[in-house]
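This report refers to the structure that appears directly beneath it.
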There are 4 protein chains.
Amino acid sequence: MRYAPTDPPLFTLATGPVDSYPAVLRALAAPVPYDYDPTFQATYQRVAEKLHRIVRSETVPVILHGEPVLALEAAAASLIGADDVVLNLVSGVYAKGFAPWAARCGARVLEHAVSYDQVIDANDVADVLVRHPEVTVVAACHHDTPSGTINPIEAIGAAVARHGALLLVDAVSSFGGMAVDAATAQADLFISGPNKCLGCPPGLSFIGMSRRAWAKMKGNPTAPRASILSILDWETAWRAENPFPFTPSVAEIHGLEAAIDLYLAEGPPRVWARHLITAQACQAGAIAMGLALWPAQPQFASPTTTAIRLPAGINDAELRAEMRARYGVVCSSGRGETLGKLIRIGHMGPTAQPLYAVIALSALGGTLRKLGVPVNLAAGIDAAMSVIDAASTE
Amino acid sequence: MRYAPTDPPLFTLATGPVDSYPAVLRALAAPVPYDYDPTFQATYQRVAEKLHRIVRSETVPVILHGEPVLALEAAAASLIGADDVVLNLVSGVYAKGFAPWAARCGARVLEHAVSYDQVIDANDVADVLVRHPEVTVVAACHHDTPSGTINPIEAIGAAVARHGALLLVDAVSSFGGMAVDAATAQADLFISGPNKCLGCPPGLSFIGMSRRAWAKMKGNPTAPRASILSILDWETAWRAENPFPFTPSVAEIHGLEAAIDLYLAEGPPRVWARHLITAQACQAGAIAMGLALWPAQPQFASPTTTAIRLPAGINDAELRAEMRARYGVVCSSGRGETLGKLIRIGHMGPTAQPLYAVIALSALGGTLRKLGVPVNLAAGIDAAMSVIDAASTE
Amino acid sequence: MRYAPTDPPLFTLATGPVDSYPAVLRALAAPVPYDYDPTFQATYQRVAEKLHRIVRSETVPVILHGEPVLALEAAAASLIGADDVVLNLVSGVYAKGFAPWAARCGARVLEHAVSYDQVIDANDVADVLVRHPEVTVVAACHHDTPSGTINPIEAIGAAVARHGALLLVDAVSSFGGMAVDAATAQADLFISGPNKCLGCPPGLSFIGMSRRAWAKMKGNPTAPRASILSILDWETAWRAENPFPFTPSVAEIHGLEAAIDLYLAEGPPRVWARHLITAQACQAGAIAMGLALWPAQPQFASPTTTAIRLPAGINDAELRAEMRARYGVVCSSGRGETLGKLIRIGHMGPTAQPLYAVIALSALGGTLRKLGVPVNLAAGIDAAMSVIDAASTE
Amino acid sequence: MRYAPTDPPLFTLATGPVDSYPAVLRALAAPVPYDYDPTFQATYQRVAEKLHRIVRSETVPVILHGEPVLALEAAAASLIGADDVVLNLVSGVYAKGFAPWAARCGARVLEHAVSYDQVIDANDVADVLVRHPEVTVVAACHHDTPSGTINPIEAIGAAVARHGALLLVDAVSSFGGMAVDAATAQADLFISGPNKCLGCPPGLSFIGMSRRAWAKMKGNPTAPRASILSILDWETAWRAENPFPFTPSVAEIHGLEAAIDLYLAEGPPRVWARHLITAQACQAGAIAMGLALWPAQPQFASPTTTAIRLPAGINDAELRAEMRARYGVVCSSGRGETLGKLIRIGHMGPTAQPLYAVIALSALGGTLRKLGVPVNLAAGIDAAMSVIDAASTE
C-alpha cells in the first residue's frame, strides 16, 4: 500500500503551513459578519487585546491581513528610511532575505553573517555596534526556519538596547512555540503570525511594537500610507469604534481568536514544553539512528523545527516523495542555501506533541533504509522514547 | 509533560467510537433541511442506494436511527417469533449478548460456543445443524470485538445455506474494514453501522436483507410496528416519495453519505488493505515486543482490532490511564468476560493507517515498560515497520 | 426564476427538523472521542446537568439516543404496566398516537378528547379524574404540533397532582420555545428533544423525571431492560464514572451542549419572547391577509407553530410545492386528521425571529395569490410589522 | 425585543463582507495541507483553471493573497510606469480612489469624472481618448459600490480597444453577480475577488490578464518583485509544479474552490438572474414605499447593490443602528462622498435571493416609519412581490 500524490497526507509535519487545531478550523466556518457590524468590531478589538497579552509588546499589536512575509515587508517599508543604517544579522536564508526590503527604502545595510549552521553571538553584535555607532536599526531573525536554528534573541536584544538602535525581530516560526515575546526580546518590532506555532492556516500576521517604533515610523516620510504595506494605516483600527483601512480577513480573525484561546487555556509554558520535548525527542532519535543534525551544536537547534542533514547520496525531493508514498508523512525541504542539504520536521502547534517525534523518525528512518542508508531505526525510536519518557513522569 | 484527563486525547485508537474522517465531520455541519424537503428525500434515497452498492444485500438496506445495538435488537424482535429455533454461534461477548434478544421473542435458543480466544468452525456449525434440523435462524457475530477475533463467515454462511435456516450476521465492526458483505456471507440479515470502519460518529445502523428475510418478518406476528424497534415500518421509506415512520437523523445521514463517498473514492480493496496492514503491523510488533495476542491463533485475529493479552500483574484501567497520561493515546479495554484480560487497539476507518501501529506500539510499549514489564519496544517497532515496509513496495 | 426541487431551500420554516444554529452545526463537527474517554465522560455529565438546569425536573434528565418518538415510546414502555389505568388527553394527532404505546403495556386506556382545533380544559380533566379514581397515569401533549395548539399544562398538572396520578407530558415542540418545564407542569415525566426549539438536528431526546416516576418504573416488571427502549438502563449513566448501556451519539451530544449554551447565554425569557412575537406576528398577518387560523380561539395558538386553515379549493401539497418553487420557503403540512386542512409555519429555535413572520407571510400570500386566492398580502405584512414594531420599543 | 449590539445579526445585507455560502464555510474548515504537498499544488492549479473558466481572461488569472484592494494596488504598481498616461474614469468613490495608486508610479493621471449618481458615457470616453491620444492606460470601475451604479463596461471596453490603450477594470463587486467578465469587457486587467458575489469571506483577490498586459508589466522597470505587491512573482505559480513566492492562504483557496463549484453547478445565468431580480424587487419596493434611489436613472442601478437616498433629516448611523436593533438587519452606509447621503442594501452571493428584498424593505421601511418618515411599507412590499412574482412563472 502506497499513498498516491492525490491521497491526502496522513501527517503534515512541515514547517508551515502546519496542520491547524480542530477548534481553529471550526472557527473559520463561523458565519461571516459585515466588518462594521458591532459584533465584529468587538471581536477585532478583543483579538487584538488577546494578542497583546501574549505578544507582550508596549502597544497593542497591529494585525496585517496577509501571511508573515507581508508583515516583514511592511515593517521594513514603514520603519526604515533613507537615512537609516541597518545592521542585518544573518544566520540563515530568511535573515538574508530581509536585506533587499531594507535596502529598497534607501538605507545602508550592513550585514553580520555567520555560517547557516551556526547562530549569532550576541557579543559579536555588541562589537559590531561599537564599530558602527551609526546603526539605527538592527534586524534579527529569531528562528531561521530553513536552518532550524535559534538565535539568542534575549542577549542580542540586550546588546542592541545598550546601543540604542531599534530592534526588529522576525519571530514568525518561534513565537508561540517557545518562551519568546516582544518584552523578553526587547524588540521594537516583534513580528510573527498565526500560521506556525499557534496552529492557524496562513493568511494573517502581526507586529508588536514599541512606542519608539511608532514614533520612528510616523516620522518616516517614506512609510507607506493607503497601501497594503502600510502599518500606520492600521494604528488605531484595532479599537472597535474606528474604521478599517480596508476589509479585514474576517474568517481568519475568527480562527486566530480560537487559536489564542486554546493557547491561553492550555497555558503557554505547557505549550512550549511540548514543543521542546518533541524537538528533543526528534533530535535524540535522529542522532541515535546515525544521522546528523544540521545545527552545528545541539543547543542551536530549534524547539519548533528539527533540521537533519541529508546523508550522502540522498536526494531531498526523492526522499520526501518516498516518505509520503510509503507512510503518508510530509516534511519540508531546505530553502535557498540549505535546499538539498537537509530535511526539516516541523514541531508547531498541533504537531508539537512528543509522539509525533516517533512518527517522524519511523517515517524518515524507514525511508532512508529503503533508499539504502543503513540507519538504526530501532535505536532511534528508543532514544526518542527515552526523551519522552523522561519528560512524562508525574 | 503529561496529558490531563481534561486534555483532549492525541490519538483515539479505540474500537469505537472511532475518530471520524474530516470530510464526515464537515458533512455533519451542513444545513439541516426539513426531512420532507425534496432535497433531503433525494439524499435519503441516494444514501440508501449507495449503501446497497457496498452492502450487496438482495434488497436496499434499511437504515435505522440509532447505533448498531438498535439494529441488532430490532433484527431479533422483527425476525424471530415464538415458533423459531435459533442457533446462536458464540465465540465472544457480543455473540453471547444476542441470545436474550432472541429468547425475548419466545424462540428456543440453542448455543454453539467456543472459548473466547477461538473462532467458530464452520464444520461444527454444519454438524450442529444436522443434529438440529429444527433450527430456523442462525445468528453469527462476524467480528466479536471484545476478543478481536474474526469468524469464518463465508464458510458459516455456506453451511447455513445448505441447511436452509436464515442467517443473521453482526458485521458491525468488520464491515468496511475487510472483504465482507451480505453477498459473500450469504446473510439474510447483514447488520452493521457507520461508526466503526466507515469512520462516522455513532448514531445510525443499517441492515441489508434478503427477500426471504423480508417475507419471514412480514409473516411474524410479533414483529414490531409503530416502534423504534420496527424494521417493517421502514421498508419503503428509503424511496424519495415515501414517508418516514419518524424523523430520521438528518445530520448523521449527511455524515454517512460523506463516508460512503470516501470509501468508494478510495476503493474498498485499498481501504481493506490498510486495515489489514495496520493490524498485521500491530500484531507483529506486539509479539516482537514480547507480548501475546489474545486470539489463540494468528489467523483468528481481526484486521480491525488487535487484542493483546495483559501481561501478568498489569491492571487494565491503570495501563490505559497511564498510556493516555504519558502519550495521549486512548485504547479500549476488554468487555465482559474479556475485561481485565486484554487491551484492544482499534484499526477502523481513519485510524486504519499503517503508521498508527507504530503509534500504538510506542505508547503501549512505553507504558508497559514504565509499569515494570520488560518489553522490547525497539524490537516491536522494527517488526511493525518490517510489515509496513513489505507492503509499501511499488 | 424558480427554485428547483434539487435546489437547497432558502428558508426552512418547517415544524421540525428545523434549521440548526450555526454554533450547533460547528459543534457537530468536533473530533469524536471514545465514549469512555474522560473528556467525553465529563462532557456527558456536564450536558446532563445543564439539561437539568433548564428542564427543572426533580432528577437529572435521562438522555435517549434517538429522536423524541423514542423517548415517548420508551416512557410508555417503562412507566406503564398491566395494572395501570391511563387517561390520555387528546386534542390532536400526536396525543392520540400515544394511546397504542400505553395499551401495548397491557394497561387500560381511557381517552378524554376534544376536537383538534380546541385545547383540553383542566376542569374537565379534574372531572374525569373524579369519575375515574382508578386512573394511575395521565398522558398529555403540551403542544400538539399537527394542530399548532397549546394545552394549559400548568392547570392540567395541578388537577392531576390533586388526584395523585403520575403525569407524563409530551413537550417535544414547546420546550425551549416558551415558559414550560417539568416543574411548572408538575410533570413526572417531561419529554422533549433538542431538535425543535433548541435548534439541533434530530437524533436525541430527553426525559426529566420525578422521584416517584423512577420508583414506579423500577417497580414495573415489564419496564424494558437491555433494550433501546429502556430508561432504567440509563439511570446512572449520566455520571462521568458510570458506564453507558450502549454507545451514545457523541456528535449529537456535542451539538446539544452548544444548543444549551446558546439558550442560557441568550437567556430563556428572551428566547421565549422571540418565539412568541414571531408567532403573534404570523397570526396577525395571516388574519389580516384574510386567512383563518386553525386553532378555534387565538389563545389556543402555539408560540412555536402557526397553523393556518387552507382556503377552500387549495391543495396542500401543491401549495407547499409552489411556495418552495417561487420563494424557496419550506413549510409543513398537517398530519393525520389535520393533513390537507392546514399549513404550518414553524417558529422554532433559529427561525423564531420576528422578521421570519414576514418571510413566511410573503411567501404564503404570494403563493395563494398565484393560486387564485384573493389574499391581501400588503395588509398581512402591515399587521405582522405592527406586532413586531410594538415589541421593538426600547 | 431588540437585538443588542452583542447579539449576532439576523441578516447581513451589507455590500461586503457578505454572508458566505454554507458550503464555502465548511470548505474553510478542511484540514490544512503543506502548500508544497502535491494535493495542494494540484488544488491550486485546479482553482486557477476554474477561475479562468469563469473570468474568461486571455491567460490564467493570478490569485493574490489579500482582499481586492491588494489586487488594485498591485495592478497599478505592476502595470503603470513613469511613462504612462492614465485616464481614470470616475463615477464614484472607488474609481476616484484609484488615482493615487496610479500617480504613485509616476504616471500622469487624467480624470474623466461624472457626478456620483451618474455613470460614465462610453461616447465621452471615446471623445476624451481622441483628445488624448497619449493615454496608455484606462482605469474603470465597473460597479462603484458606494454609489450602487454600474458603468457600461462593454461599450467603454470597445472604445478603449479602438484607441489601443490598456484597460484595467475593477469588477470587484459586480463579477459573479451579473454578466460581466474579462472577455466581454475587453479588459487587459480584470480585477475581482471572492468576497462579494461569489460568497466567500474576504482574504483573496484575482486578476484576469491579457497577454498584452503581461508584456507591459514585464517591461515595466518599476513593477514590484519580491513583494506582496508583485503580480509578476506569481506568473507561473498557478502551475502545480512551480513554487509559490510566499505561502498562499490555503484555507481561503479551499473556500474559493467551493464557491466556484457552487457557481458553476447553479449556472452563472441563473446566479445573475437572482441577483437582478432581487435588486429590481428592492428598487421597485423602495420607490413604491416613497423613497428615491441614489442612481439618477433606474438603468444605472446595480444588480448587486441597491443604494437608496436617505430621506431628509435621517441620520445614516442612527438609521442603521435602529434597523439592526429592531430587526437584526445589517446594511451598509455610503462611503466618502456618499456617506450620510444613502443607505445600501447588498445583493451578493447568498443574499441575492428575491425574498431578501422583502426582508430589506420591511426592515428599512419599519425603521424609517419609527424614525418619523411616512413611508408606505405595504405598498413597498407589494411592489417588490410583484417583481418577484413576475419572475417566478414557470
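Note on naming: chains are A, B, ... as they come in the C-alpha cells, residues start from 1 per chain, ligands start from 1 in the order shown.
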
Long-range neighbours of segment 3-8 of chain C as a ChimeraX atom specification, 6 Å cut-off, only C-alpha atoms, 4 positions minimum in chain: /B:38-39 /C:325,328

Restricting the output to C-alpha atoms, write the selected residues as a PDB file, in the first residue's frame.
```
ATOM      1  CA  PRO B  38     -37.267  17.157  -1.766  1.00  0.00           C
ATOM      2  CA  THR B  39     -33.534  17.669  -1.343  1.00  0.00           C
TER       3      THR B  39
ATOM      4  CA  ALA C 325     -40.630  26.829  -6.214  1.00  0.00           C
ATOM      5  CA  GLY C 328     -37.582  28.844  -1.666  1.00  0.00           C
TER       6      GLY C 328
END
```

DSSP on the backbone: which residues in segment 151-372 of chain C end up as alpha helix (DSSP H)? Give the answer as a ChimeraX atom specification. /C:153-163,182-185,211-218,250-266,268-289,316-327,355-370

Could you work out which residues of chain A fall inside 6 Å of chain B? Count only C-alpha atoms, and format the result as a ChimeraX atom specification. /A:1-2,326,378,382,391-392

Based on the selection just made, write all heavy atoms of those residues as a PDB file, in the first residue's frame.
```
ATOM      1  N   MET A   1       0.831  -1.209   0.000  1.00  0.00           N
ATOM      2  CA  MET A   1       0.000   0.000   0.000  1.00  0.00           C
ATOM      3  C   MET A   1       0.864   1.256   0.000  1.00  0.00           C
ATOM      4  O   MET A   1       1.740   1.398   0.842  1.00  0.00           O
ATOM      5  CB  MET A   1      -0.877   0.001   1.267  1.00  0.00           C
ATOM      6  CG  MET A   1      -1.995   1.004   1.198  1.00  0.00           C
ATOM      7  SD  MET A   1      -2.661   1.337   2.862  1.00  0.00           S
ATOM      8  CE  MET A   1      -1.776   2.849   3.265  1.00  0.00           C
ATOM      9  N   ARG A   2       0.615   2.098  -0.951  1.00  0.00           N
ATOM     10  CA  ARG A   2       1.348   3.364  -1.011  1.00  0.00           C
ATOM     11  C   ARG A   2       0.339   4.520  -1.061  1.00  0.00           C
ATOM     12  O   ARG A   2      -0.796   4.343  -1.469  1.00  0.00           O
ATOM     13  CB  ARG A   2       2.248   3.399  -2.255  1.00  0.00           C
ATOM     14  CG  ARG A   2       3.444   2.444  -2.111  1.00  0.00           C
ATOM     15  CD  ARG A   2       4.246   2.346  -3.375  1.00  0.00           C
ATOM     16  NE  ARG A   2       5.014   3.535  -3.687  1.00  0.00           N
ATOM     17  CZ  ARG A   2       6.208   3.834  -3.193  1.00  0.00           C
ATOM     18  NH1 ARG A   2       6.786   3.036  -2.314  1.00  0.00           N
ATOM     19  NH2 ARG A   2       6.843   4.928  -3.560  1.00  0.00           N
ATOM     20  N   ARG A 326       5.298   6.053   1.110  1.00  0.00           N
ATOM     21  CA  ARG A 326       5.316   4.877   1.984  1.00  0.00           C
ATOM     22  C   ARG A 326       4.468   5.067   3.224  1.00  0.00           C
ATOM     23  O   ARG A 326       3.791   4.150   3.670  1.00  0.00           O
ATOM     24  CB  ARG A 326       6.745   4.593   2.457  1.00  0.00           C
ATOM     25  CG  ARG A 326       7.685   4.155   1.381  1.00  0.00           C
ATOM     26  CD  ARG A 326       9.089   3.998   1.945  1.00  0.00           C
ATOM     27  NE  ARG A 326       9.306   2.697   2.555  1.00  0.00           N
ATOM     28  CZ  ARG A 326       9.476   1.580   1.886  1.00  0.00           C
ATOM     29  NH1 ARG A 326       9.405   1.576   0.568  1.00  0.00           N
ATOM     30  NH2 ARG A 326       9.698   0.441   2.503  1.00  0.00           N
ATOM     31  N   ALA A 378      15.494   1.296  15.088  1.00  0.00           N
ATOM     32  CA  ALA A 378      15.078   0.910  16.433  1.00  0.00           C
ATOM     33  C   ALA A 378      15.801   1.732  17.486  1.00  0.00           C
ATOM     34  O   ALA A 378      15.194   2.192  18.463  1.00  0.00           O
ATOM     35  CB  ALA A 378      15.330  -0.581  16.644  1.00  0.00           C
ATOM     36  N   ASP A 382      14.025   4.190  20.213  1.00  0.00           N
ATOM     37  CA  ASP A 382      14.345   4.033  21.629  1.00  0.00           C
ATOM     38  C   ASP A 382      14.846   5.333  22.246  1.00  0.00           C
ATOM     39  O   ASP A 382      14.433   5.709  23.346  1.00  0.00           O
ATOM     40  CB  ASP A 382      15.432   2.947  21.789  1.00  0.00           C
ATOM     41  CG  ASP A 382      14.864   1.692  22.449  1.00  0.00           C
ATOM     42  OD1 ASP A 382      13.720   1.741  22.941  1.00  0.00           O
ATOM     43  OD2 ASP A 382      15.567   0.676  22.479  1.00  0.00           O
ATOM     44  N   ALA A 391      10.357  12.883  30.296  1.00  0.00           N
ATOM     45  CA  ALA A 391       9.535  14.079  30.492  1.00  0.00           C
ATOM     46  C   ALA A 391       8.119  13.752  30.955  1.00  0.00           C
ATOM     47  O   ALA A 391       7.320  14.646  31.211  1.00  0.00           O
ATOM     48  CB  ALA A 391       9.482  14.878  29.186  1.00  0.00           C
ATOM     49  N   SER A 392       7.813  12.451  31.041  1.00  0.00           N
ATOM     50  CA  SER A 392       6.422  12.059  31.321  1.00  0.00           C
ATOM     51  C   SER A 392       6.176  11.679  32.768  1.00  0.00           C
ATOM     52  O   SER A 392       5.109  11.178  33.095  1.00  0.00           O
ATOM     53  CB  SER A 392       6.031  10.860  30.448  1.00  0.00           C
ATOM     54  OG  SER A 392       6.179  11.173  29.092  1.00  0.00           O
TER      55      SER A 392
END
```

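By chain and then residue number, the residues within 8 Å of Leu198 of chain C are Gly176, Gly177, Gly193, Pro194, Ala259, Ile260, Tyr263, Met348 and Gly349 of chain C, counting only C-alpha atoms and disregarding those fewer than 4 positions away in sequence.
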
Show which residues sit within 9 Å of Ala102 of chain A, as a PyMOL selection string. Count only C-alpha atoms, and ignore same-chain residues fewer than 2 positions away. chain A and resi 73+76-77+80-81+86+88+98-100+104-109

Selected residues, C-alpha atoms, written as a PDB file, in the first residue's frame, please.
```pdb
ATOM      1  CA  GLU A  73       7.991  43.711   4.061  1.00  0.00           C
ATOM      2  CA  ALA A  76      10.849  47.322   6.545  1.00  0.00           C
ATOM      3  CA  ALA A  77       8.957  49.748   4.351  1.00  0.00           C
ATOM      4  CA  ILE A  80      13.249  52.254   7.548  1.00  0.00           C
ATOM      5  CA  GLY A  81      14.075  55.461   5.728  1.00  0.00           C
ATOM      6  CA  VAL A  86      20.526  48.843   9.167  1.00  0.00           C
ATOM      7  CA  ASN A  88      21.165  42.757   9.404  1.00  0.00           C
ATOM      8  CA  PHE A  98      15.367  40.741   4.739  1.00  0.00           C
ATOM      9  CA  ALA A  99      18.209  42.842   3.348  1.00  0.00           C
ATOM     10  CA  PRO A 100      16.616  43.743  -0.002  1.00  0.00           C
ATOM     11  CA  ARG A 104      14.727  49.244  -1.000  1.00  0.00           C
ATOM     12  CA  CYS A 105      13.983  52.026   1.493  1.00  0.00           C
ATOM     13  CA  GLY A 106      17.281  53.677   0.610  1.00  0.00           C
ATOM     14  CA  ALA A 107      19.013  52.700   3.811  1.00  0.00           C
ATOM     15  CA  ARG A 108      22.571  51.496   4.025  1.00  0.00           C
ATOM     16  CA  VAL A 109      22.552  47.847   5.044  1.00  0.00           C
TER      17      VAL A 109
END
```

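Using only C-alpha atoms for every distance, the candidate list C:Leu87, C:Ile287, C:Ile191, C:Ala161 yields C:Ile191 as the residue closest to Phe206 of chain C.
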
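Between atom CA of Ala140 of chain A and atom CA of Val90 of chain A the separation is 7.4 Å.
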
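Atom CA of Val69 of chain C sits 28.4 Å away from atom CA of Gln283 of chain C.
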